[in-house]
Amino acid sequence: MLSAVMMALLTPAESQALLLSLRIASVAVFAALPFAVAVALLLTRTRFPGKIVVDGIIHLPLVLPPVAIGFLLLTIFGTRAGLGAWLFQTFGIRFVFSWTGAALASALITFPFQVRAIRIALEGADLGLDEAARTLGAGWLDRLVNVALPLAFPGIVAGVITAFAASLGEFGAIITFVSNIPGETRTLPLAIYTALQTPGGDAEAAKLSLISIVLALMFMTLAEIVQRRMRRS
Amino acid sequence: MSIEVALHHRFGAFALDAAFRIERPGVTALFGPSGAGKTSVINAVAGLIRPRKGRIVIDGRVVLDTNAGVFVPPQQRRAGYVFQDARLFPHMSVADNLRFGWRRTPNRLGEDGIARIVDLLGLGPLLERAPKALSGGEKSRVALGRALLSAPDILLLDEPLAALDAARRSEILPYLGRLRDETKLPMIYVSHAVDEVARLADEIVVIRGGRVEAQGSVIDLLTKIDGSIPTLGAVLDARVEVHRAGDGLSVLSFDGGQLIVSQIARGVGDRVRARIRAEDILLAREEPRAISANNVLPAIVSALRAGDGAQTDVQIACGPAKLVARITQASVARLALAPGVAVFAIIKSVIVDSSN
């Protein structure tokens, strides 16, 4: 039914951009999630010299121009040299000009959102429960999997949703890193940009913008609801 | 069964410097005012804090020896811990909380063992509930069951009743008593409430300012009047002699005499602990004849200590048993009480835990 509605309301190019955005955001967020949990744990549960620097680096994507991040990724993962060349020649993995590259860029940009939400949940955790689990025979991994993470679950969900919503809006890093290829890397924001570049494309741009607004609002509300639940319990 | 504890640790300006040995199984109370370091001691026994220096041996197993570099982590210590605030896992049902430690111990009880503990603590109706749907007393009982099911070598209880009101407290106390009598598990019980200690403990270690100030059996220590510990009138290990059908009273015997109490729901021959408050003991120089009190025991004054205000604690010996009467200094003078004087102790009321 949903696809029927989409068919009726959107042109094939528009629905392609929408679906691509959703796919890239999903992959970006879920691929980054384990790393976000690990980093959040590192920042809440351990003490090490230079922690403040690590913290800063994690939050860098929030303040750096996305274009700069795109350029950085292009430098690292371009297939002509360095890591990108090695990955391409050894495994045939190529990020540039590919939707997976768009997912990588989105993951990086939205990583701070995830870390932040998970970290807040972990910091709010009752360390007394961790002690109780220890006296009941649970080792650290056991306690992490069975006590800390389940209790941080609402925070993790909130982080995932916020990151997902932010990921849908990523433009600069994607267009710089993986270009603007219809059906491959042309997500909603890139489609809006393309429409604006086309004579008489204003209506098209407005329609796509409206879709973006609705999506963003939907996910932000969802994240807020989850976080309220967390506070209540 | 023995437990050996020697600790040296600093928390900011507070120094913990405590050492004691427990030779007999049963309940040892760590008794002392708030902030004395009692909880730190059991945290060290559980492994939740790592003292700078120390040695802890539980039943022959060295779990801490800073000289030898031994530190067994809490998850391997087999020390069950009942926290003051229960600390149930909020994302699990009562049943899952109970089985948390059980799943993780190699020598776990069978299903019948679980059923026995569920029954002992009256947890049956709570199993499917979430922790937040439990009352304070119910939470304490679940925490107790959870610790027991982890098959510990020792049970550590950190004021498990302190967070409860008087009604809830008297709801839990019988369970703790049953636990002591039925499991034979050694327990270290942190408390600053002398009535709890008198009811549950066999041995008392008095801790003050991070140091062990006194140690001894409940029966000896709670009838001391040297000020090291709040005095109770008497703690007597007694035996049920006979239930008198005619007048609804029970006769208990102890080393030093007999006590007549309201009929208790225990079998003849059972061991019970009788407690008498110092305020409930009157002293007379001559044997009172027409008197409503059921218990009048001949005794010899062994020591006196003037307390705050007008009160004096008079320690008397009734055979090998010691009792303390709290009377006014004026009465002491009027009766010319001094060590060696023969008196009669008139006991107004005896507290016996009738259910075990």
# chains A, B, ... in the order shown; residues from 1 in each chain; ligands from 1
>>> select_by_dssp(residues="stretch 37-175 of chain A", states="alpha helix (DSSP H)", output="number ranges by chain")
A: 37-45, 51-63, 66-77, 82-91, 99-123, 127-135, 140-143, 149-168, 172-175
>>> closest_atom_pairs(of="chain A", to="chain B", cutoff="10 Å", atoms="only C-alpha atoms", output="Markdown table")
| residue | atom | partner | partner_atom | distance |
| --- | --- | --- | --- | --- |
| A:Asp126 | CA | B:Arg87 | CA | 9.0 |
| A:Leu127 | CA | B:Arg87 | CA | 9.8 |
| A:Gly128 | CA | B:Arg87 | CA | 6.6 |
| A:Leu129 | CA | B:Arg87 | CA | 5.7 |
| A:Asp130 | CA | B:Arg87 | CA | 9.2 |
| A:Glu131 | CA | B:Leu48 | CA | 7.0 |
| A:Ala132 | CA | B:Arg87 | CA | 6.6 |
| A:Ala133 | CA | B:Gly101 | CA | 7.8 |
| A:Arg134 | CA | B:Gln75 | CA | 4.7 |
| A:Thr135 | CA | B:Gln75 | CA | 5.2 |
| A:Leu136 | CA | B:Gly101 | CA | 4.5 |
| A:Gly137 | CA | B:Gln75 | CA | 3.8 |
| A:Ala138 | CA | B:Gln75 | CA | 5.6 |
| A:Gly139 | CA | B:Gln75 | CA | 6.2 |
| A:Trp140 | CA | B:Gln75 | CA | 9.2 |
| A:Asp142 | CA | B:Arg104 | CA | 9.9 |
| A:Asn146 | CA | B:His91 | CA | 9.6 |
| A:Val147 | CA | B:Phe89 | CA | 7.6 |
| A:Pro150 | CA | B:His91 | CA | 7.4 |
| A:Leu151 | CA | B:His91 | CA | 6.9 |
| A:Ser233 | CA | B:Pro90 | CA | 8.8 |
>>> closest_residue(among="A:Val157, A:Ser179, A:Leu190, A:Gly169", to="A:Arg228", atoms="only C-alpha atoms")
A:Val157
>>> atom_distance(atom1="atom CA of B:Thr231", atom2="atom CA of B:Ala345")
16.8 Å
>>> residues_around(residues="B:Lys348", least_positions_apart="5", cutoff="12 Å", atoms="only C-alpha atoms", output="VMD selection string")
chain B and resid 233 259 to 261 275 to 283 291 to 297 325
>>> residues_around(residues="stretch 86-96 of chain A", least_positions_apart="2", cutoff="9 Å", atoms="only C-alpha atoms", output="JSON, numbers by chain")
{"A": [73, 74, 77, 78, 79, 81, 82, 83, 84, 98, 99, 100, 101, 102, 104, 177, 178, 179]}
>>> write_last_selection(atoms="C-alpha atoms", output="short mmCIF file (atom, residue, chain, number, x, y, z; two decimals), in the first residue's frame")
data_model
loop_
_atom_site.label_atom_id
_atom_site.label_comp_id
_atom_site.auth_asym_id
_atom_site.auth_seq_id
_atom_site.Cartn_x
_atom_site.Cartn_y
_atom_site.Cartn_z
CA LEU A 73 37.35 10.66 2.71
CA LEU A 74 38.14 11.16 -0.96
CA PHE A 77 39.49 6.12 0.00
CA GLY A 78 40.16 7.35 -3.55
CA THR A 79 41.12 4.33 -5.67
CA ALA A 81 46.37 5.69 -3.93
CA GLY A 82 46.61 4.77 -0.24
CA LEU A 83 44.03 2.78 1.66
CA GLY A 84 41.42 3.16 -1.09
CA SER A 98 29.18 4.23 -4.75
CA TRP A 99 26.22 4.31 -2.35
CA THR A 100 28.37 2.49 0.22
CA GLY A 101 30.65 5.53 0.19
CA ALA A 102 27.62 7.71 0.90
CA LEU A 104 30.39 5.71 5.10
CA PHE A 177 33.08 12.09 -1.67
CA VAL A 178 30.81 10.07 -3.94
CA SER A 179 29.42 12.68 -6.36
#
>>> atom_distance(atom1="atom CA of B:Val206", atom2="atom CA of B:Leu16")
13.4 Å
>>> atom_distance(atom1="atom CA of A:Leu60", atom2="atom CA of A:Val115")
12.3 Å
